[in-house]
file query.cif (mmCIF, C-alpha atoms and all ligand atoms)
data_structure
#
loop_
_atom_site.label_atom_id
_atom_site.label_comp_id
_atom_site.auth_asym_id
_atom_site.auth_seq_id
_atom_site.Cartn_x
_atom_site.Cartn_y
_atom_site.Cartn_z
CA MET A 1 -172.00 -43.62 -24.76
CA SER A 2 -169.80 -43.67 -27.80
CA THR A 3 -167.31 -46.43 -28.29
CA GLY A 4 -163.82 -45.17 -27.68
CA VAL A 5 -160.42 -46.13 -28.86
CA ASP A 6 -157.99 -48.68 -27.45
CA SER A 7 -154.24 -48.49 -27.56
CA GLU A 8 -152.93 -50.71 -30.31
CA ALA A 9 -149.73 -51.53 -28.49
CA GLU A 10 -150.79 -52.13 -24.93
CA THR A 11 -153.19 -54.56 -23.27
CA GLY A 12 -154.18 -55.03 -19.66
CA GLN A 13 -155.83 -57.73 -17.58
CA LEU A 14 -158.93 -57.61 -15.45
CA VAL A 15 -160.76 -59.97 -13.09
CA TYR A 16 -163.98 -60.99 -14.80
CA LEU A 17 -166.92 -62.46 -12.89
CA ASP A 18 -168.73 -64.94 -15.12
CA GLY A 19 -171.13 -66.21 -12.44
CA PRO A 20 -171.17 -67.22 -8.77
CA ARG A 21 -167.67 -68.26 -7.64
CA ASP A 22 -166.48 -68.14 -11.21
CA VAL A 23 -163.76 -65.58 -11.88
CA GLU A 24 -161.24 -65.53 -14.69
CA PHE A 25 -158.69 -63.15 -16.14
CA ARG A 26 -159.54 -61.38 -19.38
CA GLU A 27 -157.32 -59.22 -21.51
CA TYR A 28 -158.33 -56.03 -23.31
CA GLY A 29 -156.63 -53.17 -25.08
CA VAL A 30 -155.86 -50.31 -22.71
CA PRO A 31 -158.30 -47.51 -23.59
CA THR A 32 -157.21 -44.08 -24.76
CA PRO A 33 -158.91 -41.58 -22.42
CA GLU A 34 -161.74 -39.31 -23.53
CA PRO A 35 -160.81 -35.62 -23.08
CA ASP A 36 -162.18 -35.41 -19.49
CA ALA A 37 -161.22 -38.90 -18.35
CA VAL A 38 -158.08 -40.49 -16.92
CA VAL A 39 -156.56 -43.90 -17.60
CA THR A 40 -154.69 -45.36 -14.65
CA GLU A 41 -152.58 -48.35 -13.71
CA VAL A 42 -153.84 -50.02 -10.55
CA VAL A 43 -151.26 -49.96 -7.77
CA ARG A 44 -153.41 -51.67 -5.11
CA SER A 45 -156.97 -52.91 -4.95
CA ASN A 46 -158.51 -54.43 -1.84
CA VAL A 47 -160.94 -57.28 -1.29
CA CYS A 48 -163.92 -55.69 0.47
CA GLY A 49 -166.91 -57.53 1.92
CA SER A 50 -169.14 -56.27 -0.85
CA GLU A 51 -167.09 -58.08 -3.52
CA LEU A 52 -167.34 -61.26 -1.48
CA HIS A 53 -171.14 -61.01 -1.60
CA VAL A 54 -171.07 -60.49 -5.37
CA TRP A 55 -168.57 -63.33 -5.91
CA LYS A 56 -170.63 -65.73 -3.78
CA GLY A 57 -173.75 -64.89 -5.80
CA ASP A 58 -175.62 -63.11 -2.96
CA HIS A 59 -176.00 -60.20 -5.36
CA PRO A 60 -177.37 -60.46 -8.92
CA LEU A 61 -174.35 -58.77 -10.49
CA GLN A 62 -172.34 -60.91 -12.93
CA ASP A 63 -170.71 -60.58 -16.38
CA CYS A 64 -168.72 -57.69 -14.92
CA VAL A 65 -165.38 -56.55 -13.55
CA LEU A 66 -164.91 -56.62 -9.76
CA GLY A 67 -163.38 -54.26 -7.21
CA HIS A 68 -163.89 -50.78 -5.80
CA GLU A 69 -161.17 -49.95 -3.22
CA ALA A 70 -158.13 -48.80 -5.15
CA LEU A 71 -155.04 -46.72 -5.38
CA CYS A 72 -153.98 -45.95 -8.95
CA ARG A 73 -151.20 -44.32 -10.94
CA ILE A 74 -152.10 -41.94 -13.74
CA SER A 75 -150.83 -43.40 -17.00
CA ASP A 76 -152.74 -41.35 -19.56
CA LEU A 77 -154.47 -38.03 -18.85
CA GLY A 78 -157.36 -36.88 -21.02
CA ASP A 79 -156.54 -33.69 -22.95
CA ASN A 80 -158.70 -31.51 -20.68
CA VAL A 81 -157.53 -32.90 -17.34
CA GLU A 82 -154.89 -30.85 -15.57
CA ARG A 83 -156.08 -31.07 -11.96
CA ASP A 84 -157.68 -33.51 -9.56
CA SER A 85 -161.13 -32.92 -8.07
CA ALA A 86 -159.68 -30.60 -5.40
CA GLY A 87 -157.79 -28.46 -7.93
CA THR A 88 -154.37 -29.95 -7.26
CA PRO A 89 -152.30 -30.16 -10.46
CA VAL A 90 -151.74 -33.74 -11.62
CA SER A 91 -149.49 -35.35 -14.16
CA GLU A 92 -148.74 -38.80 -15.47
CA GLY A 93 -147.08 -40.96 -12.84
CA ASP A 94 -148.96 -39.41 -9.91
CA LEU A 95 -150.70 -41.72 -7.45
CA VAL A 96 -154.42 -40.99 -7.11
CA ALA A 97 -157.34 -42.30 -5.06
CA PRO A 98 -160.60 -42.51 -7.05
CA VAL A 99 -164.15 -42.46 -5.69
CA TYR A 100 -165.74 -45.76 -6.76
CA PHE A 101 -169.02 -44.22 -7.99
CA GLN A 102 -169.81 -41.18 -10.08
CA THR A 103 -171.85 -38.08 -9.36
CA CYS A 104 -173.49 -37.28 -12.70
CA GLN A 105 -174.13 -33.59 -11.92
CA SER A 106 -177.41 -33.70 -13.83
CA CYS A 107 -179.93 -35.85 -11.91
CA GLU A 108 -182.46 -34.50 -9.39
CA PHE A 109 -180.22 -35.44 -6.46
CA CYS A 110 -177.04 -33.94 -7.86
CA ARG A 111 -179.05 -30.82 -8.70
CA ARG A 112 -179.91 -30.55 -4.98
CA GLY A 113 -176.30 -31.11 -3.97
CA GLU A 114 -177.17 -34.51 -2.49
CA PHE A 115 -174.31 -36.18 -4.32
CA TYR A 116 -174.34 -39.32 -2.15
CA ALA A 117 -177.75 -40.10 -3.66
CA CYS A 118 -176.86 -39.59 -7.34
CA ALA A 119 -179.38 -41.54 -9.44
CA ASN A 120 -176.66 -42.53 -11.91
CA ASP A 121 -173.95 -43.40 -9.39
CA TYR A 122 -173.15 -46.82 -10.87
CA GLU A 123 -173.71 -45.96 -14.53
CA HIS A 124 -170.19 -47.03 -15.45
CA THR A 125 -169.75 -49.93 -13.06
CA GLY A 126 -171.23 -53.41 -13.32
CA LYS A 127 -170.94 -53.40 -17.11
CA SER A 128 -169.49 -56.19 -19.17
CA PRO A 129 -165.84 -55.55 -20.00
CA GLU A 130 -166.86 -56.08 -23.63
CA VAL A 131 -168.27 -52.56 -23.34
CA TRP A 132 -165.65 -49.88 -23.83
CA PRO A 133 -163.58 -48.73 -21.85
CA HIS A 134 -163.45 -52.32 -20.45
CA PHE A 135 -161.74 -51.45 -17.14
CA HIS A 136 -164.90 -50.52 -15.23
CA ALA A 137 -163.61 -51.60 -11.81
CA PRO A 138 -160.14 -51.80 -10.32
CA TRP A 139 -159.45 -55.53 -9.90
CA GLY A 140 -157.04 -55.60 -12.77
CA THR A 141 -154.01 -53.86 -14.13
CA HIS A 142 -155.89 -50.72 -15.23
CA TYR A 143 -158.84 -48.59 -14.18
CA TYR A 144 -160.69 -45.93 -16.16
CA ILE A 145 -161.71 -42.79 -14.26
CA HIS A 146 -164.65 -41.13 -16.01
CA GLN A 147 -165.35 -37.40 -16.18
CA ASN A 148 -167.70 -37.36 -13.18
CA HIS A 149 -165.68 -39.70 -11.01
CA HIS A 150 -163.94 -37.66 -8.36
CA PHE A 151 -160.29 -38.53 -7.80
CA TYR A 152 -157.62 -37.04 -5.57
CA ARG A 153 -153.87 -36.99 -5.75
CA LEU A 154 -152.32 -39.01 -2.93
CA PRO A 155 -150.45 -36.94 -0.33
CA ASP A 156 -146.75 -37.79 -0.63
CA THR A 157 -146.56 -38.95 2.99
CA LEU A 158 -148.92 -41.82 2.17
CA GLU A 159 -146.74 -43.22 -0.63
CA ASN A 160 -145.58 -46.05 1.61
CA HIS A 161 -149.06 -46.84 2.96
CA ARG A 162 -150.52 -47.95 -0.34
CA SER A 163 -153.08 -50.56 0.67
CA VAL A 164 -154.27 -48.38 3.56
CA ALA A 165 -154.67 -45.49 1.11
CA ALA A 166 -156.55 -47.79 -1.28
CA ALA A 167 -159.15 -48.37 1.45
CA ALA A 168 -159.73 -44.65 2.06
CA ASN A 169 -162.43 -44.48 -0.61
CA CYS A 170 -164.54 -47.03 1.27
CA ALA A 171 -164.73 -47.33 5.08
CA LEU A 172 -162.90 -44.15 6.08
CA SER A 173 -164.84 -41.90 3.68
CA GLN A 174 -168.07 -43.64 4.65
CA VAL A 175 -167.62 -43.06 8.39
CA MET A 176 -166.36 -39.50 7.96
CA PHE A 177 -169.47 -38.69 5.94
CA GLY A 178 -171.77 -40.44 8.43
CA ILE A 179 -170.15 -38.81 11.45
CA ASN A 180 -170.53 -35.40 9.83
CA GLU A 181 -174.17 -36.18 9.01
CA VAL A 182 -174.98 -37.14 12.61
CA GLY A 183 -173.23 -34.00 13.82
CA LEU A 184 -170.67 -35.46 16.22
CA GLU A 185 -169.12 -32.67 18.27
CA TYR A 186 -166.16 -32.19 20.57
CA ASN A 187 -166.83 -33.70 24.01
CA ASP A 188 -169.81 -35.77 22.84
CA THR A 189 -169.95 -39.30 24.14
CA VAL A 190 -170.38 -41.79 21.33
CA VAL A 191 -171.17 -45.49 21.46
CA ILE A 192 -170.01 -47.48 18.44
CA GLN A 193 -171.71 -50.84 17.92
CA GLY A 194 -169.31 -53.14 16.12
CA ALA A 195 -165.53 -53.07 15.78
CA GLY A 196 -165.12 -54.33 12.22
CA GLY A 197 -163.62 -52.16 9.48
CA LEU A 198 -166.31 -49.49 9.67
CA GLY A 199 -166.32 -49.56 13.48
CA LEU A 200 -162.56 -49.13 13.86
CA ASN A 201 -162.54 -46.32 11.31
CA ALA A 202 -165.46 -44.70 13.15
CA THR A 203 -163.54 -45.05 16.42
CA VAL A 204 -160.45 -43.29 15.13
CA VAL A 205 -162.44 -40.48 13.50
CA ALA A 206 -164.59 -39.94 16.62
CA ASN A 207 -161.47 -39.98 18.78
CA GLU A 208 -159.73 -37.39 16.62
CA TYR A 209 -162.89 -35.26 16.66
CA GLY A 210 -162.52 -35.10 20.44
CA ALA A 211 -165.39 -37.37 21.40
CA GLU A 212 -165.34 -39.87 24.27
CA THR A 213 -165.69 -43.25 22.60
CA ILE A 214 -167.29 -46.49 23.80
CA VAL A 215 -167.00 -49.54 21.52
CA ILE A 216 -169.09 -52.70 21.78
CA ASP A 217 -168.18 -56.04 20.19
CA SER A 218 -167.89 -59.69 21.16
CA VAL A 219 -164.54 -60.55 19.58
CA ASP A 220 -161.57 -60.06 21.93
CA GLY A 221 -159.07 -59.19 19.20
CA ARG A 222 -161.38 -56.54 17.83
CA LEU A 223 -161.82 -54.90 21.22
CA GLU A 224 -158.05 -54.72 21.58
CA GLN A 225 -157.87 -53.14 18.14
CA ALA A 226 -160.61 -50.70 19.14
CA ALA A 227 -158.49 -49.60 22.09
CA ALA A 228 -155.52 -49.13 19.75
CA PHE A 229 -157.74 -47.01 17.47
CA GLY A 230 -158.63 -44.69 20.34
CA ALA A 231 -161.57 -46.29 22.17
CA ASP A 232 -161.79 -44.84 25.69
CA HIS A 233 -163.97 -47.72 26.86
CA VAL A 234 -164.84 -51.12 25.43
CA ILE A 235 -167.78 -53.37 26.27
CA ASP A 236 -167.42 -57.10 25.66
CA MET A 237 -170.77 -58.57 24.66
CA ASP A 238 -169.79 -61.91 26.19
CA GLU A 239 -169.28 -60.25 29.56
CA TYR A 240 -172.26 -57.88 29.30
CA ASP A 241 -174.53 -60.39 27.62
CA THR A 242 -177.90 -58.62 27.58
CA VAL A 243 -179.10 -55.35 26.10
CA ASP A 244 -179.94 -54.12 29.62
CA ALA A 245 -176.45 -54.96 30.89
CA ARG A 246 -174.83 -53.09 28.01
CA ALA A 247 -177.15 -50.11 28.38
CA ASP A 248 -176.31 -49.98 32.11
CA ARG A 249 -172.62 -50.12 31.26
CA VAL A 250 -172.95 -47.27 28.76
CA ARG A 251 -174.78 -45.19 31.41
CA GLU A 252 -171.90 -45.84 33.83
CA PHE A 253 -169.57 -44.19 31.34
CA THR A 254 -171.93 -41.28 30.61
CA ASP A 255 -173.00 -39.85 33.99
CA GLY A 256 -176.11 -42.01 34.00
CA LEU A 257 -177.51 -40.48 30.81
CA GLY A 258 -176.64 -42.73 27.89
CA ALA A 259 -174.46 -41.69 24.97
CA ASP A 260 -175.00 -38.44 23.08
CA VAL A 261 -174.49 -40.27 19.81
CA GLY A 262 -174.83 -43.90 18.73
CA ILE A 263 -173.30 -45.41 15.59
CA GLU A 264 -174.55 -48.73 14.25
CA VAL A 265 -171.83 -50.52 12.28
CA ALA A 266 -172.47 -54.08 13.45
CA GLY A 267 -174.69 -54.71 10.43
CA VAL A 268 -177.30 -56.78 12.26
CA PRO A 269 -180.92 -55.63 12.67
CA ALA A 270 -180.96 -56.27 16.45
CA ALA A 271 -178.17 -53.72 16.87
CA PHE A 272 -180.52 -50.95 15.72
CA VAL A 273 -183.09 -51.85 18.40
CA GLU A 274 -180.33 -51.98 21.00
CA GLY A 275 -178.80 -48.71 19.87
CA VAL A 276 -181.94 -46.82 20.79
CA GLU A 277 -181.44 -48.06 24.37
CA LEU A 278 -177.80 -46.96 24.48
CA VAL A 279 -178.40 -43.36 23.41
CA ARG A 280 -179.55 -40.70 25.85
CA LYS A 281 -182.87 -38.88 25.67
CA GLY A 282 -182.54 -36.28 22.93
CA GLY A 283 -179.56 -38.11 21.46
CA ARG A 284 -178.62 -38.78 17.83
CA TYR A 285 -178.21 -42.10 16.12
CA LEU A 286 -176.42 -43.00 12.90
CA GLU A 287 -177.56 -46.15 11.11
CA MET A 288 -174.89 -47.25 8.67
CA GLY A 289 -174.21 -50.98 9.10
CA ASN A 290 -177.53 -52.50 8.05
CA VAL A 291 -177.57 -52.35 4.26
CA ARG A 292 -178.57 -55.82 3.07
CA PRO A 293 -182.25 -56.11 2.12
CA GLY A 294 -184.53 -58.73 3.63
CA TYR A 295 -183.36 -58.66 7.24
CA ASP A 296 -185.94 -57.32 9.67
CA VAL A 297 -186.56 -57.03 13.37
CA ASP A 298 -189.37 -56.30 15.85
CA PHE A 299 -189.21 -52.69 16.88
CA ASP A 300 -191.34 -50.27 18.90
CA PRO A 301 -191.05 -46.92 17.10
CA GLY A 302 -192.56 -45.20 20.14
CA ARG A 303 -189.16 -45.65 21.82
CA LEU A 304 -187.76 -43.14 19.36
CA THR A 305 -190.54 -40.68 19.97
CA ARG A 306 -190.47 -40.92 23.75
CA LYS A 307 -186.71 -40.50 23.81
CA SER A 308 -186.75 -37.80 21.09
CA ILE A 309 -183.93 -39.51 19.21
CA ASP A 310 -182.84 -38.19 15.82
CA ILE A 311 -182.01 -40.93 13.34
CA THR A 312 -179.56 -40.33 10.52
CA THR A 313 -178.47 -42.81 7.87
CA ALA A 314 -175.52 -42.94 5.51
CA VAL A 315 -174.85 -45.08 2.47
CA GLU A 316 -172.18 -43.92 0.03
CA TYR A 317 -170.91 -40.41 0.69
CA ASP A 318 -170.40 -36.99 -0.78
CA PRO A 319 -167.40 -37.67 -3.06
CA ARG A 320 -165.61 -34.58 -1.76
CA VAL A 321 -165.25 -36.41 1.58
CA LEU A 322 -162.51 -38.58 0.04
CA ALA A 323 -160.22 -35.54 -0.02
CA ASP A 324 -160.82 -35.10 3.72
CA ALA A 325 -160.28 -38.82 4.31
CA LEU A 326 -156.87 -38.70 2.62
CA GLU A 327 -155.89 -35.64 4.66
CA PHE A 328 -157.12 -37.33 7.84
CA LEU A 329 -155.04 -40.37 7.00
CA GLU A 330 -152.02 -38.22 6.24
CA GLN A 331 -152.25 -36.64 9.68
CA THR A 332 -152.95 -39.79 11.69
CA VAL A 333 -151.28 -42.66 9.82
CA ASP A 334 -148.37 -42.85 12.27
CA ASP A 335 -150.58 -42.66 15.36
CA TYR A 336 -152.83 -45.69 14.83
CA PRO A 337 -152.24 -49.25 13.57
CA TYR A 338 -154.01 -48.84 10.21
CA ASP A 339 -151.76 -51.47 8.70
CA GLN A 340 -153.50 -54.10 10.86
CA LEU A 341 -156.69 -53.49 8.91
CA ILE A 342 -155.16 -54.73 5.64
CA ASP A 343 -153.08 -57.62 6.83
CA ALA A 344 -152.61 -59.84 3.77
CA GLU A 345 -151.14 -59.27 0.34
CA PHE A 346 -151.76 -61.42 -2.73
CA PRO A 347 -150.40 -61.06 -6.25
CA LEU A 348 -153.34 -60.21 -8.51
CA ALA A 349 -152.87 -63.60 -10.21
CA GLU A 350 -153.83 -65.27 -6.93
CA ILE A 351 -157.28 -63.75 -6.86
CA GLU A 352 -159.02 -67.05 -6.09
CA PRO A 353 -156.93 -67.88 -2.97
CA ALA A 354 -157.42 -64.24 -1.91
CA LEU A 355 -161.20 -64.59 -2.19
CA GLU A 356 -161.23 -67.93 -0.39
CA ALA A 357 -159.05 -66.69 2.47
CA SER A 358 -161.26 -63.61 2.78
CA GLU A 359 -164.39 -65.76 2.88
CA ASN A 360 -162.88 -68.03 5.54
CA ARG A 361 -161.86 -64.98 7.58
CA ASP A 362 -158.26 -66.17 7.69
CA LEU A 363 -157.36 -62.49 7.41
CA THR A 364 -158.87 -59.08 8.12
CA ARG A 365 -158.59 -57.68 4.61
CA ALA A 366 -156.54 -58.67 1.58
CA THR A 367 -154.92 -56.34 -0.89
CA LEU A 368 -154.14 -57.31 -4.49
CA VAL A 369 -150.82 -56.38 -6.04
CA PRO A 370 -150.86 -56.22 -9.86
CA PRO A 371 -147.83 -57.52 -11.79
CA GLY A 372 -144.92 -55.09 -11.82
CA GLU A 373 -146.06 -53.28 -8.65
CA GLU A 374 -143.79 -53.31 -5.66
CA PRO A 375 -145.27 -55.33 -2.77
CA SER A 376 -145.22 -54.45 0.95
CA ARG A 377 -145.46 -50.70 0.81
ZN ZN A 401 -165.12 -51.40 0.38
ZN ZN A 402 -176.50 -37.52 -10.26
#
call {"tool": "encode", "arguments": {"input": "query.cif", "output": "structure tokens"}}
result
Amino acid sequence: MSTGVDSEAETGQLVYLDGPRDVEFREYGVPTPEPDAVVTEVVRSNVCGSELHVWKGDHPLQDCVLGHEALCRISDLGDNVERDSAGTPVSEGDLVAPVYFQTCQSCEFCRRGEFYACANDYEHTGKSPEVWPHFHAPWGTHYYIHQNHHFYRLPDTLENHRSVAAAANCALSQVMFGINEVGLEYNDTVVIQGAGGLGLNATVVANEYGAETIVIDSVDGRLEQAAAFGADHVIDMDEYDTVDARADRVREFTDGLGADVGIEVAGVPAAFVEGVELVRKGGRYLEMGNVRPGYDVDFDPGRLTRKSIDITTAVEYDPRVLADALEFLEQTVDDYPYDQLIDAEFPLAEIEPALEASENRDLTRATLVPPGEEPSR
């Protein structure tokens, strides 16, 4: 990668991770875009659970810029860029949602069209900001969108839902991809294990797809949110406190069969074992919540065979799904309480209180507002 050029007049700030729990602001010249790239100003960036893991040192990444959920404003278009990744014309000043990883178009996976598995997905992220173009991730005032990073112009109707739109490239795109992969159909019954961010997004997507939705969690507030996001039935794990009790309850809602589809978004290994009991014979199961390495569980694989259950997994997504996610949000933003999912706003300068409040779960999700950006929209 050649070293590019920085603007001589303009600098920007970014949140630099020096080591565990050690963040600081650093200032760099704003890069001039390569011909196929786009330089943006960050309008919103959210604090996702994955950044908390990196910040706490649960992940080896350091000497890098943080962030991945973002909404940006085009400030400098590369000479060759006239359209977004869906062919919509773009110009400076437009709000855009970027995918947080690239699809290189030249690895074995991209060659097969399996873009979610691109071997070079994080080529540009995780680098030191000393490496040009410095703004490798969106916790900062600027973000650099490389040639193979998909980005989509924000539908005008979402202009006043900025932090919700900033989250579209993470949970909503992830669940839309996973739900497509597991083949959820109209009139299917689906049991969703976990009503966190992924679970609530899965609930609203499944509901809009015309499925009958059952959501399991143990936190009262989350079950109420699940109902607001379209859950037809909720199961409180404190009330139904064994796997057998929950499986019986799911069968009560599904004519004695079990659910057609199960979606694991609780992120605990035991949920996978339980999910197999909640799904009907011949059903399908989407494993999406367990991603951290080193967590295992006793499991009888014969249960899968005897029940003829198809297992699907999803991590990352086909970047084209973000265009669908934005359209989905455009059509449903007034019908569901998305704003509850991003319930705290911090000026970018208050990154440390934002991280601490997120770690202490004093909030559902924080959004960061860079200097000069209008809050509360
Ligand atoms: Zn995220
Ligand atoms: Zn690739």
call {"tool": "residues_around", "arguments": {"input": "query.cif", "residues": "Cys104 in chain A", "least_positions_apart": "4", "cutoff": "9 Å", "atoms": "only C-alpha atoms", "output": "PyMOL selection string"}}
result
chain A and resi 110+115+118-121+123+147-149
call {"tool": "residues_near_point", "arguments": {"input": "query.cif", "point": "(-163.7, -57.4, 19.0)", "cutoff": "12 Å", "atoms": "all atoms listed in the file", "output": "VMD selection string"}}
result
chain A and resid 192 to 197 199 to 200 215 to 228 231 234 to 238 266
call {"tool": "write_last_selection", "arguments": {"input": "query.cif", "atoms": "C-alpha atoms", "output": "PDB file, in the coordinates of the input"}}
result
ATOM      1  CA  ILE A 192    -170.010 -47.480  18.440  1.00  0.00           C
ATOM      2  CA  GLN A 193    -171.710 -50.840  17.920  1.00  0.00           C
ATOM      3  CA  GLY A 194    -169.310 -53.140  16.120  1.00  0.00           C
ATOM      4  CA  ALA A 195    -165.530 -53.070  15.780  1.00  0.00           C
ATOM      5  CA  GLY A 196    -165.120 -54.330  12.220  1.00  0.00           C
ATOM      6  CA  GLY A 197    -163.620 -52.160   9.480  1.00  0.00           C
ATOM      7  CA  GLY A 199    -166.320 -49.560  13.480  1.00  0.00           C
ATOM      8  CA  LEU A 200    -162.560 -49.130  13.860  1.00  0.00           C
ATOM      9  CA  VAL A 215    -167.000 -49.540  21.520  1.00  0.00           C
ATOM     10  CA  ILE A 216    -169.090 -52.700  21.780  1.00  0.00           C
ATOM     11  CA  ASP A 217    -168.180 -56.040  20.190  1.00  0.00           C
ATOM     12  CA  SER A 218    -167.890 -59.690  21.160  1.00  0.00           C
ATOM     13  CA  VAL A 219    -164.540 -60.550  19.580  1.00  0.00           C
ATOM     14  CA  ASP A 220    -161.570 -60.060  21.930  1.00  0.00           C
ATOM     15  CA  GLY A 221    -159.070 -59.190  19.200  1.00  0.00           C
ATOM     16  CA  ARG A 222    -161.380 -56.540  17.830  1.00  0.00           C
ATOM     17  CA  LEU A 223    -161.820 -54.900  21.220  1.00  0.00           C
ATOM     18  CA  GLU A 224    -158.050 -54.720  21.580  1.00  0.00           C
ATOM     19  CA  GLN A 225    -157.870 -53.140  18.140  1.00  0.00           C
ATOM     20  CA  ALA A 226    -160.610 -50.700  19.140  1.00  0.00           C
ATOM     21  CA  ALA A 227    -158.490 -49.600  22.090  1.00  0.00           C
ATOM     22  CA  ALA A 228    -155.520 -49.130  19.750  1.00  0.00           C
ATOM     23  CA  ALA A 231    -161.570 -46.290  22.170  1.00  0.00           C
ATOM     24  CA  VAL A 234    -164.840 -51.120  25.430  1.00  0.00           C
ATOM     25  CA  ILE A 235    -167.780 -53.370  26.270  1.00  0.00           C
ATOM     26  CA  ASP A 236    -167.420 -57.100  25.660  1.00  0.00           C
ATOM     27  CA  MET A 237    -170.770 -58.570  24.660  1.00  0.00           C
ATOM     28  CA  ASP A 238    -169.790 -61.910  26.190  1.00  0.00           C
ATOM     29  CA  ALA A 266    -172.470 -54.080  13.450  1.00  0.00           C
TER      30      ALA A 266
END
call {"tool": "closest_residue", "arguments": {"input": "query.cif", "among": "A:Tyr186, A:Phe109, A:Tyr28, A:Phe101", "to": "ligand ZN 402 (chain A)", "atoms": "all atoms listed in the file"}}
result
A:Phe109
call {"tool": "residues_near_ligand", "arguments": {"input": "query.cif", "ligand": "ligand ZN 401 (chain A)", "cutoff": "12 Å", "atoms": "all atoms listed in the file", "output": "PyMOL selection string"}}
result
chain A and resi 45-53+66-70+99-101+138+164+166-175+197-198+315-316+342+365-367
call {"tool": "residues_around", "arguments": {"input": "query.cif", "residues": "Asp334 in chain A", "least_positions_apart": "3", "cutoff": "12 Å", "atoms": "all atoms listed in the file", "output": "PyMOL selection string"}}
result
chain A and resi 157-158+160-161+164+229+328-331+337-339
call {"tool": "closest_residue", "arguments": {"input": "query.cif", "among": "A:Ile179, A:Leu61, A:Cys107, A:Leu278", "to": "ligand ZN 402 (chain A)", "atoms": "all atoms listed in the file"}}
result
A:Cys107
call {"tool": "residues_around", "arguments": {"input": "query.cif", "residues": "range 14-20 of chain A", "least_positions_apart": "4", "cutoff": "9 Å", "atoms": "all atoms listed in the file", "output": "list in words"}}
result
Glu24, Phe25, Arg26, Glu27, Tyr28, Val54, Trp55, Lys56, Gly57, Asp58, Leu61, Gln62, Asp63, Cys64, Val65, Leu66, Gly67, Ser128, Pro129, His134, Phe135, Ala137, Pro138, Trp139, Gly140, Thr141, His142, Leu348 and Ile351 of chain A
call {"tool": "closest_residue", "arguments": {"input": "query.cif", "among": "A:Val369, A:Val23, A:Ile214, A:Ala117", "to": "ligand ZN 402 (chain A)", "atoms": "all atoms listed in the file"}}
result
A:Ala117
call {"tool": "atom_distance", "arguments": {"input": "query.cif", "atom1": "CA of Phe177 in chain A", "atom2": "CA of Glu277 in chain A"}}
result
23.9 Å
call {"tool": "decode", "arguments": {"input": "query.cif", "residues": "range 219-250 of chain A", "atoms": "C-alpha atoms", "output": "PDB file, in the first residue's frame"}}
result
ATOM      1  CA  VAL A 219     -34.475  -9.840  31.993  1.00  0.00           C
ATOM      2  CA  ASP A 220     -37.945  -8.308  32.406  1.00  0.00           C
ATOM      3  CA  GLY A 221     -37.148  -5.062  30.614  1.00  0.00           C
ATOM      4  CA  ARG A 222     -35.801  -6.949  27.639  1.00  0.00           C
ATOM      5  CA  LEU A 223     -38.926  -9.086  27.342  1.00  0.00           C
ATOM      6  CA  GLU A 224     -41.035  -5.931  27.325  1.00  0.00           C
ATOM      7  CA  GLN A 225     -38.797  -4.545  24.601  1.00  0.00           C
ATOM      8  CA  ALA A 226     -39.143  -7.807  22.682  1.00  0.00           C
ATOM      9  CA  ALA A 227     -42.910  -7.395  22.744  1.00  0.00           C
ATOM     10  CA  ALA A 228     -42.518  -3.831  21.460  1.00  0.00           C
ATOM     11  CA  PHE A 229     -40.304  -5.154  18.651  1.00  0.00           C
ATOM     12  CA  GLY A 230     -43.001  -7.578  17.535  1.00  0.00           C
ATOM     13  CA  ALA A 231     -42.621 -10.709  19.679  1.00  0.00           C
ATOM     14  CA  ASP A 232     -45.889 -12.671  19.612  1.00  0.00           C
ATOM     15  CA  HIS A 233     -44.904 -14.632  22.716  1.00  0.00           C
ATOM     16  CA  VAL A 234     -42.212 -14.212  25.353  1.00  0.00           C
ATOM     17  CA  ILE A 235     -40.807 -16.810  27.744  1.00  0.00           C
ATOM     18  CA  ASP A 236     -39.260 -15.602  30.992  1.00  0.00           C
ATOM     19  CA  MET A 237     -36.399 -17.887  31.986  1.00  0.00           C
ATOM     20  CA  ASP A 238     -37.028 -17.130  35.649  1.00  0.00           C
ATOM     21  CA  GLU A 239     -40.582 -18.418  35.339  1.00  0.00           C
ATOM     22  CA  TYR A 240     -39.750 -21.333  33.031  1.00  0.00           C
ATOM     23  CA  ASP A 241     -36.498 -22.201  34.739  1.00  0.00           C
ATOM     24  CA  THR A 242     -35.472 -25.463  33.069  1.00  0.00           C
ATOM     25  CA  VAL A 243     -34.758 -26.429  29.476  1.00  0.00           C
ATOM     26  CA  ASP A 244     -37.660 -28.902  29.615  1.00  0.00           C
ATOM     27  CA  ALA A 245     -40.064 -26.225  30.873  1.00  0.00           C
ATOM     28  CA  ARG A 246     -39.047 -23.852  28.087  1.00  0.00           C
ATOM     29  CA  ALA A 247     -39.242 -26.562  25.436  1.00  0.00           C
ATOM     30  CA  ASP A 248     -42.754 -27.459  26.682  1.00  0.00           C
ATOM     31  CA  ARG A 249     -43.726 -23.801  26.520  1.00  0.00           C
ATOM     32  CA  VAL A 250     -42.438 -23.482  22.947  1.00  0.00           C
TER      33      VAL A 250
END
